[in-house]
2 protein chains.
Amino acid sequence: MNAPRDLPPARLRPAQRAARLKGSVIREILKLTAGADVISLAGGLPSPLSFPVPALRAAFDAVLRDDGAAALQYSSTEGDLRLREWIAARETARGVPTTADEVLIVAGSQQALDLLGKAFAEPGAPLLVESPSYLGALQAFSVYQPTFRTLPTDDAGLDPQAIDAAVAADARLLYSMPNFQNPTGRTLSAERRALLAQAARDHDLWLVEDDPYGELWYEQAPPPSLRAWARERTIRLSSFSKVLAPGLRLGYVIAPVECIELLERLKQATDLCTATLTQRAAAQVLASGLMDTHLPRIRALYAAQAQVMLDALAEHMPPGVQWTRPAGGMFVWLQLPAALDAMALLRPAIARGVAFVPGEPFYALEPMRNTLRLSFVTVPAEKIRQGVATLAGLIAAAAA
Amino acid sequence: MNAPRDLPPARLRPAQRAARLKGSVIREILKLTAGADVISLAGGLPSPLSFPVPALRAAFDAVLRDDGAAALQYSSTEGDLRLREWIAARETARGVPTTADEVLIVAGSQQALDLLGKAFAEPGAPLLVESPSYLGALQAFSVYQPTFRTLPTDDAGLDPQAIDAAVAADARLLYSMPNFQNPTGRTLSAERRALLAQAARDHDLWLVEDDPYGELWYEQAPPPSLRAWARERTIRLSSFSKVLAPGLRLGYVIAPVECIELLERLKQATDLCTATLTQRAAAQVLASGLMDTHLPRIRALYAAQAQVMLDALAEHMPPGVQWTRPAGGMFVWLQLPAALDAMALLRPAIARGVAFVPGEPFYALEPMRNTLRLSFVTVPAEKIRQGVATLAGLIAAAAA
C-alpha cells in the first residue's frame with residue numbers, strides 16, 4: 001500500500017433532509033453534567049430500580065440454552081410470533097380485540113416514529129402535533145420534511161375542538177401522546193378521546209397514539225386508548241422500555257393489517273428485523289407473568305417519587321410558577337413567569353448543581369420559552385428536594 | 001366505551017417514497033418453501049453452525065450478573081466505547097489507523113445503509129452502484145428516491161475505468177461491496193481498488209465500502225480495504241452478523257469523524273441507540289479473543305461447503321452455464337444461456353424441491369434475467385449436491 005493517507009476528510013454534502021437536523025444545544029449543555037456533581041432532573045431515563053434484572057438474566061440464559069442457534073439467527077421482519085401474541089392478548093383483554101398480525105415489533109418506539117415519518121410524511125405536507133409535543137417524535141418526523149401544524153393543549157390534553165377543516169386540510173396524520181405526556185405529564189380526558197376519534201373520522205385523519213407511559217399510572221389506569229375509540233384509523237405505539245428495560249430496544253406498533261404491512265416493508269429496508277434473541281427473551285419473561293408483580297412495583301416507586309417532587313415544588317417555588325400534577329409517568333412541566341427564559345437559566349442552574357430540560361425544543365412552532373421539564377424518577381428523594389429547592393431559588397432570583 | 005368498532009380500516013395514503021417500495025415477489029414465492037421439503041440454496045442466512053452459542057451465553061450472563069442495571073439502560077447513540085475501541089484497534093492492526101470516534105455502532109449494517117440513504121440521497125440525484133449490487137442496499141437507498149447509475153462489473157469486480165465525468169456528474173456516493181460480493185461472490189482486485197480510490201478523488205465521490213463478508217476468506221485474506229486507499233472519503237460498513245450472529249443485530253460504520261457525527265445525529269432520530277446489553281455482551285466476547293479461534297472455524301466450514309457446490313456445478317451443469325469461483329463469502333452466481341429467464345425457472349424448481357434467488361432484483365437497472373444466486377452455507381453437503389443436480393436438470397431441459 002503506497003496510498004496517500006494524510007488527505008483531510010473530503011467535503012460532506014448531506015442531503016437536504018439531513019442538513020436540517022441540527023445537533024441539540026441542550027444535549028451539548030447537559031453533557032457537561034455527566035460525571036459532575038449535578039442533580040439531574042433532566043433525564044428521560046427510567047429508573048434502573050425498575051429493571052427486572054434477575055428475570056431478564058434467567059430468560060436470556062434459558063433462551064440461549066434451549067434454542068441458541070435459532071435465537072441467534074435472522075428472524076421475520078414483523079417480529080417474534082409469541083411476543084406479538086402476548087401483546088395482542090393484552091390489548092384484547094383490555095377490550096380492544098387484536099390479532100398478532102396487527103402487531104409489528106420494532107427496535108424501541110423511536111423506530112416506530114421513524115417508520116411512520118418514512119411511511120406518511122410527504123415533504124412540505126402538513127402533519128398535526130400537540131403543542132408541546134414529544135421531542136423525539138418531532139426529530140424523527142423532521143427528517144422527512146413535513147410542515148408541522150400544532151394543536152393547542154391544556155390540563156386535559158390536546159383540544160379536539162381545534163381540529164377544523166382548515167387545520168386538517170391535506171393532513172394525513174395526527175400525532176399525540178394521550179397518557180402522562182412527555183413533556184407535560186398531562187393525560188387526555190375520556191371525553192376528549194371520544195371527540196378526537198370523531199374529529200379524525202370527520203377529517204379522514206390517522207391518529208398516532210404514542211403510549212410509552214400508559215402502564216405507569218399511580219392510582220388508577222388512564223381512560224381507554226385512542227385505539228379503543230377509533231380502531232380503524234389508529235396507529236398505536238408502545239414500548240417495553242419503561243416496563244422492562246430501554247437497553248433492550250423493544251417496542252411495538254398496533255394498527256390495521258394494511259398499515260402494519262406497509263410499515264413492515266419499510267422496516268425490512270431499514271434493519272431487516274429486530275434482534276431475535278432479545279425478542280425471545282422478552283417473550284419468555286412476559287409469559288412467566290412477571291408483569292403482574294412487576295408493574296405494581298414500578299407504579300408505587302414512581303408515584304412516591306412524583307409526590308416528593310410535587311411536595312418540594314409546593315414548598316419552594318415562588319409565586320407565579322405553575323406546574324402540572326401528573327397521574328402517572330415520569331415528568332412534571334413547569335410554567336415560569338412570562339418574562340423568564342428557561343434556556344437562559346440552564347447554565348446558571350448547572351453551575352449551582354441542578355439540571356433540567358428547557359421547554360423550547362418540545363414545541364414544533366412558537367415555543368413558550370418560560371417552560372421547562374423535570375423528571376423525578378432517577379434521582380433519590382433527598383436529591384429531588386435539594387434540586388427543586390436550588391432551582392426555585394434561581395427562578396425567584398431571576399423573577400425578582 | 002360505546003365507540004363504533006366495526007368500521008373498515010381507513011384508507012392508507014403512503015408518502016411517495018413508501019408507495020414505491022413494493023413487496024418482493026421472490027420473497028412471496030420463497031415463503032412457499034418454508035417448512036416444505038425443499039433444498040433452499042436461496043438463503044442469505046449464515047450457517048447456525050457458525051454461531052458461538054456457548055461464548056455468547058456466557059457473555060450475556062456475565063454482563064447481566066456484573067452490571068445488569070447499566071446494561072439495561074439507554075446508552076449513547078454512537079455506541080459502547082469498549083466495542084468501538086475493539087473495532088478501531090482491529091482496523092489499526094490491519095494497517096489503517098483508526099480511533100474509536102471514527103466508529104459508529106448500528107443495528108446491523110442494513111441500518112447503516114438506511115442511515116446513508118437518509119444522510120446523502122437526494123430525491124432524483126444520482127447514486128452510483130455496481131451492476132449487479134446487493135439487493136438490501138438498493139432497497140434501503142430506494143426509499144430516499146435517488147436515481148441509480150450503474151457501473152459495469154466483471155470477474156475482477158467493478159470497473160473503475162467506467163467512472164468518467166459524465167457518470168460521476170452530480171453524484172455524491174458510490175456504493176460497492178468489494179469482498180465476496182453479494183450476489184456474485186466476486187472480489188475487487190487490488191489494482192482496481194487503487195484505481196477506484198483515484199477515481200473517487202478525481203470526481204469528489206465518497207466511497208461506501210460494504211464489507212460484511214471480508215473475514216470469511218477461504219485461503220487468503222482479500223486485498224486491503226478501500227478505506228486503506230482512500231481513508232478521507234471512504235465510509236466502511238461491516239457487521240457482526242456473519243462472524244458472531246445476525247440475531248444480535250450489530251454492525252458498524254467507520255468513517256471520518258464529521259461523517260460519523262452526521263450519521264449519529266440521524267441515528268439518534270431513528271432509534272436513539274443500539275441495544276446496550278447486546279453491545280456489552282459482544283464487547284465481552286470479543287475481548288476474550290474468541291475471534292482468533294472462531295474465524296478459522298467459519299472459514300474452513302464455508303470453504304468446504306463452497307468446494308462442494310463448485311464440484312457439483314462442474315459435474316452437473318449443462319454447457320452454456322457459467323458461474324463464479326468465490327474466494328470467500330457465501331455465494332455463487334450463475335449465468336445461464338441468454339435465452340433463459342431465471343425467474344421463470346423458480347416455481348418449477350421449487351416444485352422439484354430446490355430453491356434459489358433469481359438475479360433480477362440485484363440489478364438497479366437493466367436486469368440480466370439469465371442470472372441467479374446460490375448460497376452454499378446453510379445446507380449440508382449431500383443436499384447441496386442433490387439441489388445442484390436437480391437445478392441443472394431443469395436448466396438443461398429449459399435450454400434444450
# chains A, B, ... in the order shown; residues from 1 in each chain; ligands from 1
$ select_by_dssp --residues "region 172-387 of chain A" --states "alpha helix (DSSP H)" --output "VMD selection string"
chain A and resid 190 to 202 226 to 229 257 to 271 276 to 287 290 to 316 342 to 351 381 to 387
$ select_by_dssp --residues "region 93-188 of chain B" --states "strand (DSSP E)" --output "number ranges by chain"
B: 103-106, 126-131, 147-154, 157-158, 173-176
$ write_last_selection --atoms "N, CA and C atoms" --output "compact mmCIF listing (two decimals), in the first residue's frame"
# COMPACT_ATOMS: atom_id res chain seq x y z
N VAL B 103 -15.85 5.49 14.71
CA VAL B 103 -16.69 4.28 14.65
C VAL B 103 -18.08 4.58 15.20
N LEU B 104 -19.11 4.14 14.49
CA LEU B 104 -20.50 4.23 14.96
C LEU B 104 -21.08 2.83 14.98
N ILE B 105 -21.66 2.44 16.12
CA ILE B 105 -22.31 1.13 16.20
C ILE B 105 -23.75 1.26 15.67
N VAL B 106 -24.16 0.31 14.86
CA VAL B 106 -25.52 0.34 14.31
C VAL B 106 -26.19 -1.03 14.50
N PRO B 126 -28.24 11.42 -8.64
CA PRO B 126 -27.64 10.13 -8.97
C PRO B 126 -26.88 9.50 -7.81
N LEU B 127 -26.95 8.18 -7.75
CA LEU B 127 -26.20 7.39 -6.78
C LEU B 127 -25.60 6.22 -7.56
N LEU B 128 -24.29 6.03 -7.40
CA LEU B 128 -23.59 5.03 -8.21
C LEU B 128 -23.57 3.68 -7.51
N VAL B 129 -23.95 2.65 -8.22
CA VAL B 129 -23.93 1.28 -7.67
C VAL B 129 -23.37 0.33 -8.72
N GLU B 130 -22.89 -0.82 -8.22
CA GLU B 130 -22.44 -1.87 -9.11
C GLU B 130 -23.64 -2.53 -9.80
N SER B 131 -23.37 -3.17 -10.90
CA SER B 131 -24.41 -3.93 -11.58
C SER B 131 -23.89 -5.35 -11.83
N THR B 147 -31.68 8.52 -8.12
CA THR B 147 -31.65 7.91 -9.45
C THR B 147 -30.40 7.05 -9.49
N PHE B 148 -30.57 5.75 -9.69
CA PHE B 148 -29.39 4.89 -9.72
C PHE B 148 -28.66 5.02 -11.05
N ARG B 149 -27.32 5.08 -10.95
CA ARG B 149 -26.48 4.90 -12.15
C ARG B 149 -25.62 3.68 -11.89
N THR B 150 -25.54 2.80 -12.86
CA THR B 150 -24.85 1.54 -12.61
C THR B 150 -23.47 1.51 -13.25
N LEU B 151 -22.57 0.78 -12.57
CA LEU B 151 -21.21 0.59 -13.06
C LEU B 151 -21.04 -0.86 -13.45
N PRO B 152 -20.41 -1.09 -14.61
CA PRO B 152 -20.25 -2.47 -15.07
C PRO B 152 -19.26 -3.24 -14.20
N THR B 153 -19.47 -4.55 -14.12
CA THR B 153 -18.56 -5.41 -13.34
C THR B 153 -18.14 -6.60 -14.21
N ASP B 154 -17.02 -7.19 -13.83
CA ASP B 154 -16.61 -8.47 -14.43
C ASP B 154 -16.00 -9.31 -13.34
N GLY B 157 -14.47 -7.64 -10.36
CA GLY B 157 -15.30 -6.66 -9.65
C GLY B 157 -15.67 -5.48 -10.54
N LEU B 158 -16.03 -4.38 -9.92
CA LEU B 158 -16.49 -3.24 -10.73
C LEU B 158 -15.31 -2.64 -11.47
N LEU B 173 -22.08 9.67 -3.89
CA LEU B 173 -21.72 8.38 -3.30
C LEU B 173 -21.57 7.32 -4.37
N LEU B 174 -20.61 6.43 -4.13
CA LEU B 174 -20.51 5.22 -4.92
C LEU B 174 -20.55 4.05 -3.94
N TYR B 175 -21.55 3.20 -4.09
CA TYR B 175 -21.72 2.08 -3.18
C TYR B 175 -21.17 0.81 -3.81
N SER B 176 -20.31 0.09 -3.07
CA SER B 176 -19.86 -1.20 -3.61
C SER B 176 -19.55 -2.17 -2.48
$ residues_around --residues "Asp61 (chain A)" --least-positions-apart "4" --cutoff "7 Å" --atoms "only C-alpha atoms" --output "NGL selection string"
(:A and (57 or 65)) or (:B and (57 or 61))
$ atom_distance --atom1 "CA of Ala230 (chain A)" --atom2 "CA of Arg299 (chain A)"
27.8 Å
$ atom_distance --atom1 "CA of Ile395 (chain B)" --atom2 "CA of Phe356 (chain B)"
12.6 Å
$ residues_around --residues "region 187-191 of chain B" --least-positions-apart "4" --cutoff "7 Å" --atoms "only C-alpha atoms" --output "PDB file with C-alpha atoms, in the first residue's frame"
ATOM      1  CA  ALA B 156     -12.362  -8.678 -11.028  1.00  0.00           C
ATOM      2  CA  GLY B 157     -15.298  -6.658  -9.654  1.00  0.00           C
ATOM      3  CA  LEU B 158     -16.489  -3.240 -10.727  1.00  0.00           C
ATOM      4  CA  PRO B 178     -15.501  -5.258  -2.723  1.00  0.00           C
ATOM      5  CA  ASN B 179     -15.106  -8.619  -0.937  1.00  0.00           C
ATOM      6  CA  PHE B 180     -17.004 -11.789  -1.935  1.00  0.00           C
ATOM      7  CA  GLN B 181     -19.860  -9.641  -3.153  1.00  0.00           C
ATOM      8  CA  LEU B 195      -7.882   2.927  -9.378  1.00  0.00           C
ATOM      9  CA  PRO B 223      -6.685  -7.128  -0.649  1.00  0.00           C
TER      10      PRO B 223
END
$ closest_residue --among "B:Leu113, B:Val308, B:Leu301, B:Val388" --to "Ala269 (chain A)" --atoms "only C-alpha atoms"
B:Leu113
$ closest_residue --among "A:Asp164, A:Val377, A:Leu72, A:Leu272" --to "Val243 (chain B)" --atoms "only C-alpha atoms"
A:Leu72
$ closest_residue --among "B:Ala344, B:Leu216, B:Leu12, B:Ala55" --to "Cys259 (chain A)" --atoms "only C-alpha atoms"
B:Leu12
$ atom_distance --atom1 "CA of Gly251 (chain B)" --atom2 "CA of Glu85 (chain A)"
29.0 Å
$ closest_residue --among "B:Asp67, B:Ala364, B:Ala162, B:Ile384" --to "Leu310 (chain B)" --atoms "only C-alpha atoms"
B:Ile384
$ residues_around --residues "region 82-84 of chain A" --least-positions-apart "3" --cutoff "6 Å" --atoms "only C-alpha atoms" --output "count of residues only"
4
